[in-house]
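Have a look at the structure below before the remarks.
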Amino acid sequence: MSFQAFHGTVIHSRGPSELIILKDALVIVDGDGKIANLVEDVSKDKVSSVLSSLNIPYSSENVRYLPRSEFLIPGFIDTHNHAPQWAQRGLGQSMHILDWLEQITFPNESRFQDPAYARRIYSSCVDGFLKQGITTASYYGSLHAEATKILADICLDKGQRALVGKCNMNRNAPEYYRDATVEASLKDTEDCIAHIRQIDPQGKLLKHVLTPRFAISCDPELLDGLGKIAAANPDLPIQTHFNEAEQEMTFTQELFPQFKGSEADLYEHYGLLNERSILAHCCHMTEYEMSRLRELGCGVAHCPVSNMTVGGGFMAAPIRDFLRRGINVGLGTDSGGGFSSSILDAMRQALVASNAREVMSQGKDKGLDIGELFYLATLGGAKVCSLDNRVGNFELGKEFDALVIDTNAPGVMTIVEDEDSTRTVFDKFVMTGDDRNIKEVYVRGRSVKP
């Protein structure tokens with residue numbers, strides 16, 4: 001079996017407050033793309049002897065020595081991403097959510113009925129996210145089954161780990177962009193599930209994710225049908241929008257008055273709220289809904305960029321409160337829902353949102369620190385996507401989804417000085433680096449940066 005090894009500084013998380021920085025670490029990746037060993041405190045001149053002690057033949061071609069200006073981190077995980085919105089990023093900022101959907105998003109997403117258009121945009125989309133170090137993405141597709149299958153094909157071909165979902169929506173959308181019937185929507189969903197299982201039967205990279213856009217766009221029969229699919233397929237994750245904006249929440253309550261304003265009760269009633277659920281936004285939470293998310297094991301996809309630019313208002317989700325309660329939280333770019341498709345920008349905006357939340361809570365919910373932001377972007381996101389047994393950090397046996405960061409790359413990252421500690425260099429990257437500093441991207445040990 002072939003091996004590859006990386007020697008140098010390795011940074012990862014074991015928990016929200018457990019940022020691990022290892023100097024002179026040796027990460028060994030086996031031929032299946034899994035982490036076979038992580039050996040600490042190995043000087044460069046001892047690498048060959050350590051490999052020999054592990055019965056791994058040393059070859060300079062298989063060992064990558066990272067200089068001081070480079071370090072290794074886990075790949076970023078984007079827990080909420082609308083792939084069709086790649087071509088509409090930056091449009092409709094400051095609009096209220098339902099107006100933005102009607103005027104910007106639905107006309108754009110309807111274009112994905114053309115397979116050639118879908119292939120062109122999705123190829124650019126996946127390349128763009130891989131360039132930015134997003135090794136795993138939870139994608140909402142359009143409502144078109146053919147386009148959704150194309151997205152899955154592209155992710156597999158380019159090597160990105162992905163949850164891919166056909167978007168279900170059969171009401172409160174234009175006639176030109178809604179599922180024709182409940183039966184057609186469910187049939188298309190089953191077709192996409194079958195396609196993904198056919199092209200990646202072992203689920204090495206891909207999994208279908210059940211994707212009711214939100215309750216506003218799904219009538220009770222459609223939600224019920226998706227709940228039955230979820231029950232029959234316990235391996236499939238579920239994603240939807242949850243308590244995103246006041247306009248959306250008010251309309252949801254009008255459509256489903258029997259749940260008395262509780263989206264938790266609504267989705268649970270239809271079998272769509274459990275430990276596999278990825279709930280985007282969660283900006284306006286009651287004590288009751290907080291407790292239900294905790295009890296049911298749901299994950300939160302925090303999208304701070306879009307929460308402050310599209311939707312209606314400065315929406316700062318209660319992330320500190322989620323973490324305090326043990327609710328899993330990751331970061332989402334939301335693609336077209338904001339001004340940036342970068343997880344690094346999502347980390348920075350999450351810092352801003354948490355500082356605002358500290359003021360709003362009169363100091364109860366302290367702002368997040370950089371280590372916590374990094375956790376949300378890596379292991380936290382893996383937990384939200386139910387992938388933390390496979391990715392998220394460099395624990396033995398996990399798959400090698402990783403980024404090589406080059407702090408000396410041409411760009412505008414804060415200059416690294418000789419006296420800087422490793423932690424200082426890391427902080428400079430998180431707060432001022434960009435895709436130019438992401439030198440290499442690996443998924444399951446395979447180099448995938450375009």
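Residues are referred to by chain and number: the chain letter is A, B, ... according to the order shown in the structure tokens, the number counts from 1 in that chain, and ligands are numbered separately from 1 in the order shown.
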
>> DSSP on the backbone: which residues in region 48-211 of chain A end up as helix (DSSP H, G or I)? Give the answer as a PyMOL selection string.
In response: chain A and resi 48-53+83-88+97-113+115-131+145-158+182-199

Using only C-alpha atoms, find each residue in region 16-89 of chain A having at least one atom no more than 10 Å away from region 325-345 of chain A; report its shortest atom-to-atom pair and that distance in Å (one decimal), rows by chain then rising number, as a tab-separated table.
residue	atom	partner	partner_atom	distance
A:Pro16	CA	A:Val329	CA	9.9
A:Phe76	CA	A:Ile343	CA	7.0
A:Ile77	CA	A:Leu331	CA	7.3
A:Asp78	CA	A:Gly332	CA	4.8
A:Thr79	CA	A:Gly332	CA	4.8
A:His80	CA	A:Gly332	CA	4.4
A:Asn81	CA	A:Asp334	CA	4.5
A:His82	CA	A:Ser335	CA	5.6
A:Ala83	CA	A:Ser335	CA	6.9
A:Pro84	CA	A:Gly336	CA	8.3
A:Gln85	CA	A:Gly336	CA	4.7
A:Trp86	CA	A:Gly336	CA	5.9
A:Ala87	CA	A:Gly336	CA	7.6
A:Gln88	CA	A:Gly336	CA	5.6
A:Arg89	CA	A:Gly336	CA	4.1

Write a file of the just-selected residues containing C-alpha atoms, as a PDB file, in the first residue's frame.
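Output file out.pdb follows:
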ATOM      1  CA  PRO A  16     -14.870  24.333  20.599  1.00  0.00           C
ATOM      2  CA  PHE A  76     -13.340  23.574   5.538  1.00  0.00           C
ATOM      3  CA  ILE A  77     -16.925  22.301   5.737  1.00  0.00           C
ATOM      4  CA  ASP A  78     -19.737  24.395   4.263  1.00  0.00           C
ATOM      5  CA  THR A  79     -22.945  23.269   5.956  1.00  0.00           C
ATOM      6  CA  HIS A  80     -25.336  25.416   3.886  1.00  0.00           C
ATOM      7  CA  ASN A  81     -24.744  26.151   0.223  1.00  0.00           C
ATOM      8  CA  HIS A  82     -27.159  26.894  -2.640  1.00  0.00           C
ATOM      9  CA  ALA A  83     -25.163  25.693  -5.638  1.00  0.00           C
ATOM     10  CA  PRO A  84     -27.474  27.274  -8.277  1.00  0.00           C
ATOM     11  CA  GLN A  85     -26.873  30.680  -6.719  1.00  0.00           C
ATOM     12  CA  TRP A  86     -23.182  30.669  -7.652  1.00  0.00           C
ATOM     13  CA  ALA A  87     -23.957  32.956 -10.608  1.00  0.00           C
ATOM     14  CA  GLN A  88     -26.126  35.399  -8.611  1.00  0.00           C
ATOM     15  CA  ARG A  89     -23.744  36.139  -5.757  1.00  0.00           C
TER      16      ARG A  89
END

> Can you tell me, as a PyMOL selection string, what residues are no more than 8 Å from region 244-254 of chain A when counting only C-alpha atoms, ignoring any on the same chain fewer than 4 positions away?
Replying inline: chain A and resi 96-98+215-216+259-262+280-284+307+311-312+315

> Given the choices A:Glu102, A:Glu70, A:Asp369, A:Glu40, which gets closest to Thr422 (chain A) if the distance is worked out from only C-alpha atoms?
Replying inline: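 Of A:Glu102, A:Glu70, A:Asp369, A:Glu40, the one nearest Thr422 (chain A) is A:Glu70, counting only C-alpha atoms.
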
> Which of these residues is nearest to Phe112 (chain A), using only C-alpha atoms: A:Ser69, A:Ser142, A:Asn243, A:Thr414?
Replying inline: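 Residue with the minimum atom-to-atom distance to Phe112 (chain A): A:Ser142.
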
> Can you list, as a VMD selection string, every protein, DNA or RNA residue that comes within 8 Å of Gly371 (chain A) when you count only C-alpha atoms, leaving out same-chain residues fewer than 3 positions away?
Replying inline: chain A and resid 16 to 19 374 to 375

Produce a file of the selected residues containing N, CA and C atoms, as a PDB file, in the first residue's frame.
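selection-v7.pdb was written with the following content:
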ATOM      1  N   PRO A  16     -14.776  22.878  20.751  1.00  0.00           N
ATOM      2  CA  PRO A  16     -14.870  24.333  20.599  1.00  0.00           C
ATOM      3  C   PRO A  16     -13.749  25.105  21.281  1.00  0.00           C
ATOM      4  N   SER A  17     -13.261  24.605  22.391  1.00  0.00           N
ATOM      5  CA  SER A  17     -12.198  25.300  23.129  1.00  0.00           C
ATOM      6  C   SER A  17     -10.896  24.510  23.142  1.00  0.00           C
ATOM      7  N   GLU A  18     -10.756  23.601  22.184  1.00  0.00           N
ATOM      8  CA  GLU A  18      -9.558  22.754  22.131  1.00  0.00           C
ATOM      9  C   GLU A  18      -8.857  22.902  20.785  1.00  0.00           C
ATOM     10  N   LEU A  19      -8.197  24.019  20.611  1.00  0.00           N
ATOM     11  CA  LEU A  19      -7.375  24.225  19.424  1.00  0.00           C
ATOM     12  C   LEU A  19      -6.015  23.583  19.660  1.00  0.00           C
ATOM     13  N   PHE A 374     -12.639  28.628  14.185  1.00  0.00           N
ATOM     14  CA  PHE A 374     -11.980  27.559  13.424  1.00  0.00           C
ATOM     15  C   PHE A 374     -12.674  26.224  13.654  1.00  0.00           C
ATOM     16  N   TYR A 375     -13.075  25.968  14.884  1.00  0.00           N
ATOM     17  CA  TYR A 375     -13.832  24.749  15.185  1.00  0.00           C
ATOM     18  C   TYR A 375     -15.120  24.700  14.367  1.00  0.00           C
TER      19      TYR A 375
END

Could you list, with a cut-off of 9 Å and counting only C-alpha atoms, the residues of region 205-273 of chain A near region 169-188 of chain A, each shown with its nearest atom pair and the distance in Å rounded to one decimal, rows sorted by chain and ascending number, as a tab-separated table?
residue	atom	partner	partner_atom	distance
A:Pro212	CA	A:Met169	CA	6.6
A:Arg213	CA	A:Met169	CA	6.2
A:Phe214	CA	A:Met169	CA	7.9
A:Ala215	CA	A:Met169	CA	8.7
A:Ile216	CA	A:Asn172	CA	6.7
A:Ser217	CA	A:Met169	CA	4.8
A:Cys218	CA	A:Met169	CA	5.1
A:Asp219	CA	A:Arg171	CA	6.7
A:Glu221	CA	A:Val182	CA	6.9
A:Leu222	CA	A:Val182	CA	5.4
A:Gly225	CA	A:Leu186	CA	6.9
A:Leu226	CA	A:Leu186	CA	7.1
A:Ile229	CA	A:Leu186	CA	8.6

For the selection just defined, write its residues with all heavy atoms to a file, as an mmCIF file, in the first residue's frame.
data_model
loop_
_atom_site.group_PDB
_atom_site.id
_atom_site.type_symbol
_atom_site.label_atom_id
_atom_site.label_comp_id
_atom_site.auth_asym_id
_atom_site.auth_seq_id
_atom_site.Cartn_x
_atom_site.Cartn_y
_atom_site.Cartn_z
ATOM 1 N N PRO A 212 -36.391 19.784 1.578
ATOM 2 C CA PRO A 212 -37.537 20.680 1.481
ATOM 3 C C PRO A 212 -37.043 22.114 1.646
ATOM 4 O O PRO A 212 -36.418 22.431 2.675
ATOM 5 C CB PRO A 212 -38.422 20.254 2.654
ATOM 6 C CG PRO A 212 -37.487 19.635 3.637
ATOM 7 C CD PRO A 212 -36.392 18.998 2.826
ATOM 8 N N ARG A 213 -37.259 22.966 0.662
ATOM 9 C CA ARG A 213 -36.640 24.298 0.708
ATOM 10 C C ARG A 213 -36.953 24.991 2.032
ATOM 11 O O ARG A 213 -36.060 25.435 2.731
ATOM 12 C CB ARG A 213 -37.118 25.143 -0.468
ATOM 13 C CG ARG A 213 -36.355 26.454 -0.569
ATOM 14 C CD ARG A 213 -36.713 27.293 -1.762
ATOM 15 N NE ARG A 213 -35.598 28.190 -2.045
ATOM 16 C CZ ARG A 213 -34.858 28.162 -3.134
ATOM 17 N NH1 ARG A 213 -35.121 27.293 -4.088
ATOM 18 N NH2 ARG A 213 -33.855 28.999 -3.286
ATOM 19 N N PHE A 214 -38.212 25.124 2.336
ATOM 20 C CA PHE A 214 -38.721 25.490 3.651
ATOM 21 C C PHE A 214 -40.215 25.223 3.628
ATOM 22 O O PHE A 214 -40.794 24.924 2.582
ATOM 23 C CB PHE A 214 -38.368 26.910 4.083
ATOM 24 C CG PHE A 214 -38.728 28.045 3.153
ATOM 25 C CD1 PHE A 214 -39.384 27.849 1.942
ATOM 26 C CD2 PHE A 214 -38.410 29.363 3.500
ATOM 27 C CE1 PHE A 214 -39.713 28.915 1.113
ATOM 28 C CE2 PHE A 214 -38.728 30.429 2.674
ATOM 29 C CZ PHE A 214 -39.380 30.198 1.477
ATOM 30 N N ALA A 215 -40.842 25.299 4.792
ATOM 31 C CA ALA A 215 -42.248 24.906 4.883
ATOM 32 C C ALA A 215 -43.141 25.775 4.001
ATOM 33 O O ALA A 215 -44.170 25.311 3.497
ATOM 34 C CB ALA A 215 -42.711 24.970 6.334
ATOM 35 N N ILE A 216 -42.751 27.022 3.775
ATOM 36 C CA ILE A 216 -43.542 27.922 2.939
ATOM 37 C C ILE A 216 -43.723 27.361 1.533
ATOM 38 O O ILE A 216 -44.783 27.497 0.921
ATOM 39 C CB ILE A 216 -42.868 29.313 2.885
ATOM 40 C CG1 ILE A 216 -43.016 30.022 4.227
ATOM 41 C CG2 ILE A 216 -43.446 30.166 1.761
ATOM 42 C CD1 ILE A 216 -42.238 31.322 4.329
ATOM 43 N N SER A 217 -42.701 26.713 1.013
ATOM 44 C CA SER A 217 -42.739 26.241 -0.368
ATOM 45 C C SER A 217 -43.188 24.790 -0.506
ATOM 46 O O SER A 217 -43.205 24.256 -1.611
ATOM 47 C CB SER A 217 -41.360 26.410 -1.024
ATOM 48 O OG SER A 217 -40.409 25.556 -0.414
ATOM 49 N N CYS A 218 -43.563 24.153 0.601
ATOM 50 C CA CYS A 218 -43.976 22.749 0.564
ATOM 51 C C CYS A 218 -45.346 22.613 1.223
ATOM 52 O O CYS A 218 -45.523 23.033 2.369
ATOM 53 C CB CYS A 218 -42.976 21.866 1.299
ATOM 54 S SG CYS A 218 -41.297 21.885 0.637
ATOM 55 N N ASP A 219 -46.305 22.008 0.511
ATOM 56 C CA ASP A 219 -47.590 21.790 1.155
ATOM 57 C C ASP A 219 -47.510 20.578 2.080
ATOM 58 O O ASP A 219 -46.519 19.830 2.060
ATOM 59 C CB ASP A 219 -48.718 21.667 0.128
ATOM 60 C CG ASP A 219 -48.628 20.453 -0.772
ATOM 61 O OD1 ASP A 219 -47.967 19.456 -0.395
ATOM 62 O OD2 ASP A 219 -49.232 20.473 -1.851
ATOM 63 N N GLU A 221 -48.792 17.670 2.144
ATOM 64 C CA GLU A 221 -48.632 16.363 1.501
ATOM 65 C C GLU A 221 -47.188 16.126 1.073
ATOM 66 O O GLU A 221 -46.668 15.008 1.197
ATOM 67 C CB GLU A 221 -49.565 16.255 0.294
ATOM 68 C CG GLU A 221 -51.045 16.201 0.644
ATOM 69 C CD GLU A 221 -51.619 17.564 1.036
ATOM 70 O OE1 GLU A 221 -50.990 18.601 0.705
ATOM 71 O OE2 GLU A 221 -52.677 17.586 1.686
ATOM 72 N N LEU A 222 -46.541 17.165 0.598
ATOM 73 C CA LEU A 222 -45.138 17.018 0.190
ATOM 74 C C LEU A 222 -44.240 16.802 1.405
ATOM 75 O O LEU A 222 -43.354 15.938 1.389
ATOM 76 C CB LEU A 222 -44.687 18.254 -0.593
ATOM 77 C CG LEU A 222 -43.247 18.240 -1.121
ATOM 78 C CD1 LEU A 222 -42.941 16.988 -1.922
ATOM 79 C CD2 LEU A 222 -42.977 19.498 -1.957
ATOM 80 N N GLY A 225 -44.672 13.279 2.518
ATOM 81 C CA GLY A 225 -43.984 12.326 1.646
ATOM 82 C C GLY A 225 -42.490 12.309 1.875
ATOM 83 O O GLY A 225 -41.859 11.245 1.880
ATOM 84 N N LEU A 226 -41.905 13.486 2.097
ATOM 85 C CA LEU A 226 -40.467 13.548 2.372
ATOM 86 C C LEU A 226 -40.147 12.912 3.719
ATOM 87 O O LEU A 226 -39.112 12.256 3.879
ATOM 88 C CB LEU A 226 -39.992 15.001 2.342
ATOM 89 C CG LEU A 226 -39.994 15.668 0.955
ATOM 90 C CD1 LEU A 226 -39.750 17.165 1.081
ATOM 91 C CD2 LEU A 226 -38.946 15.032 0.040
ATOM 92 N N ILE A 229 -39.941 9.248 3.168
ATOM 93 C CA ILE A 229 -38.663 8.881 2.552
ATOM 94 C C ILE A 229 -37.558 8.899 3.599
ATOM 95 O O ILE A 229 -36.690 8.013 3.639
ATOM 96 C CB ILE A 229 -38.328 9.830 1.376
ATOM 97 C CG1 ILE A 229 -39.328 9.642 0.228
ATOM 98 C CG2 ILE A 229 -36.904 9.582 0.876
ATOM 99 C CD1 ILE A 229 -39.128 10.623 -0.919
#

>> So that I can check the surroundings of region 393-403 of chain A, please list as an MDAnalysis selection string every protein, DNA and RNA residue that reaches within 7 Å of it, counting only C-alpha atoms and ignoring chain neighbours fewer than 6 positions away.
In response: chainID A and resid 12:13 29 33:38 72:75 133 135 379 438 440:445

Could you write out the selected residues, including C-alpha atoms, as a PDB file, in the first residue's frame?
ATOM      1  CA  HIS A  12      -6.769  21.139  14.222  1.00  0.00           C
ATOM      2  CA  SER A  13      -9.560  21.100  16.808  1.00  0.00           C
ATOM      3  CA  VAL A  29      -1.799   9.022   5.003  1.00  0.00           C
ATOM      4  CA  GLY A  33      -6.718   8.343   1.934  1.00  0.00           C
ATOM      5  CA  LYS A  34      -6.999   7.697   5.672  1.00  0.00           C
ATOM      6  CA  ILE A  35      -4.812   9.009   8.471  1.00  0.00           C
ATOM      7  CA  ALA A  36      -2.684   6.051   9.497  1.00  0.00           C
ATOM      8  CA  ASN A  37      -0.481   7.851  12.029  1.00  0.00           C
ATOM      9  CA  LEU A  38      -0.014  11.241  13.623  1.00  0.00           C
ATOM     10  CA  LEU A  72      -1.606  21.900   7.633  1.00  0.00           C
ATOM     11  CA  ILE A  73      -5.261  22.261   8.699  1.00  0.00           C
ATOM     12  CA  PRO A  74      -8.415  20.208   8.086  1.00  0.00           C
ATOM     13  CA  GLY A  75     -10.525  21.088   5.061  1.00  0.00           C
ATOM     14  CA  GLY A 133     -10.607  25.105   0.669  1.00  0.00           C
ATOM     15  CA  THR A 135     -13.588  20.065   0.960  1.00  0.00           C
ATOM     16  CA  LEU A 379     -15.040  19.770  13.234  1.00  0.00           C
ATOM     17  CA  ILE A 438      -4.643  27.958   0.333  1.00  0.00           C
ATOM     18  CA  GLU A 440      -3.078  22.719  -1.731  1.00  0.00           C
ATOM     19  CA  VAL A 441      -6.416  21.015  -1.116  1.00  0.00           C
ATOM     20  CA  TYR A 442      -6.842  17.296  -0.369  1.00  0.00           C
ATOM     21  CA  VAL A 443      -9.956  15.127  -0.134  1.00  0.00           C
ATOM     22  CA  ARG A 444      -9.438  11.505   0.911  1.00  0.00           C
ATOM     23  CA  GLY A 445      -5.742  12.010   0.249  1.00  0.00           C
TER      24      GLY A 445
END

> So, counting only C-alpha atoms, which residue among A:Leu255, A:Ile370, A:Val404, A:Leu266 is closest to Leu66 (chain A)?
Replying inline: A:Val404

>> Residues near Lys131 (chain A), anyone? I mean within 7 Å using only C-alpha atoms, not counting same-chain ones fewer than 2 positions away, as an MDAnalysis selection string.
In response: chainID A and resid 127:129 133 435 449:450

Just to be explicit: take each residue in the selection above, keep N, CA and C atoms, and write the result as a PDB file, in the first residue's frame.
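Generated output (selection_2.pdb):
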ATOM      1  N   ASP A 127     -15.445  24.098  -8.653  1.00  0.00           N
ATOM      2  CA  ASP A 127     -14.059  24.571  -8.740  1.00  0.00           C
ATOM      3  C   ASP A 127     -13.829  25.741  -7.785  1.00  0.00           C
ATOM      4  N   GLY A 128     -14.786  26.674  -7.768  1.00  0.00           N
ATOM      5  CA  GLY A 128     -14.628  27.860  -6.932  1.00  0.00           C
ATOM      6  C   GLY A 128     -14.566  27.535  -5.451  1.00  0.00           C
ATOM      7  N   PHE A 129     -15.392  26.594  -5.016  1.00  0.00           N
ATOM      8  CA  PHE A 129     -15.372  26.242  -3.598  1.00  0.00           C
ATOM      9  C   PHE A 129     -14.143  25.415  -3.236  1.00  0.00           C
ATOM     10  N   GLY A 133     -10.888  26.049  -0.410  1.00  0.00           N
ATOM     11  CA  GLY A 133     -10.607  25.105   0.669  1.00  0.00           C
ATOM     12  C   GLY A 133     -11.816  24.404   1.231  1.00  0.00           C
ATOM     13  N   ASP A 435      -8.039  32.861  -0.463  1.00  0.00           N
ATOM     14  CA  ASP A 435      -7.794  31.628  -1.234  1.00  0.00           C
ATOM     15  C   ASP A 435      -6.383  31.564  -1.795  1.00  0.00           C
ATOM     16  N   LYS A 449      -7.288  20.682  -5.680  1.00  0.00           N
ATOM     17  CA  LYS A 449      -7.415  22.106  -5.991  1.00  0.00           C
ATOM     18  C   LYS A 449      -7.270  22.338  -7.494  1.00  0.00           C
ATOM     19  N   PRO A 450      -8.247  23.025  -8.107  1.00  0.00           N
ATOM     20  CA  PRO A 450      -8.197  23.250  -9.575  1.00  0.00           C
ATOM     21  C   PRO A 450      -6.964  24.049  -9.978  1.00  0.00           C
TER      22      PRO A 450
END

>> I need the residue nearest Asp157 (chain A) from this list: A:Val448, A:Ala409, A:Ile319, A:Val391. Use only C-alpha atoms for the distance.
In response: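 Smallest distance to Asp157 (chain A) is found for A:Val448.
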
> Per DSSP on the backbone, what are the strand (DSSP E) residues of region 204-384 of chain A, as a PyMOL selection string?
Replying inline: chain A and resi 206-208+211-212+238-242+277-281+299-302+328-331

Please save C-alpha atoms of the selected residues as a PDB file, in the first residue's frame.
ATOM      1  CA  LEU A 206     -21.483  11.618  -1.988  1.00  0.00           C
ATOM      2  CA  LYS A 207     -24.800  11.298  -0.238  1.00  0.00           C
ATOM      3  CA  HIS A 208     -28.218  12.601  -1.147  1.00  0.00           C
ATOM      4  CA  THR A 211     -34.132  19.134   0.852  1.00  0.00           C
ATOM      5  CA  PRO A 212     -37.537  20.680   1.481  1.00  0.00           C
ATOM      6  CA  ILE A 238     -32.145  16.305   5.884  1.00  0.00           C
ATOM      7  CA  GLN A 239     -31.717  20.046   5.332  1.00  0.00           C
ATOM      8  CA  THR A 240     -34.038  23.030   5.389  1.00  0.00           C
ATOM      9  CA  HIS A 241     -34.273  26.659   6.485  1.00  0.00           C
ATOM     10  CA  PHE A 242     -35.343  27.284  10.059  1.00  0.00           C
ATOM     11  CA  SER A 277     -31.300  17.492  10.327  1.00  0.00           C
ATOM     12  CA  ILE A 278     -29.178  20.437   9.163  1.00  0.00           C
ATOM     13  CA  LEU A 279     -31.094  23.612  10.023  1.00  0.00           C
ATOM     14  CA  ALA A 280     -29.937  26.770   8.291  1.00  0.00           C
ATOM     15  CA  HIS A 281     -29.865  30.131  10.081  1.00  0.00           C
ATOM     16  CA  GLY A 299     -27.402  20.632  13.811  1.00  0.00           C
ATOM     17  CA  VAL A 300     -27.324  24.366  13.049  1.00  0.00           C
ATOM     18  CA  ALA A 301     -25.798  25.830   9.875  1.00  0.00           C
ATOM     19  CA  HIS A 302     -24.760  29.354  10.890  1.00  0.00           C
ATOM     20  CA  ASN A 328     -23.876  21.178  17.097  1.00  0.00           C
ATOM     21  CA  VAL A 329     -23.048  24.260  15.020  1.00  0.00           C
ATOM     22  CA  GLY A 330     -21.131  24.698  11.777  1.00  0.00           C
ATOM     23  CA  LEU A 331     -20.678  27.496   9.260  1.00  0.00           C
TER      24      LEU A 331
END

> What is the distance, in Å and to one decimal place, between CA of Leu163 (chain A) and CA of Thr105 (chain A)?
Replying inline: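 Computed distance, CA of Leu163 (chain A) to CA of Thr105 (chain A), equals 21.0 Å.
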
> Which residue gives the smallest distance to Arg348 (chain A) among A:Glu275, A:Glu61, A:Asp321, A:Asp434, with only C-alpha atoms counted?
Replying inline: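 Looking at the shortest contact to Arg348 (chain A), the residue is A:Asp434.
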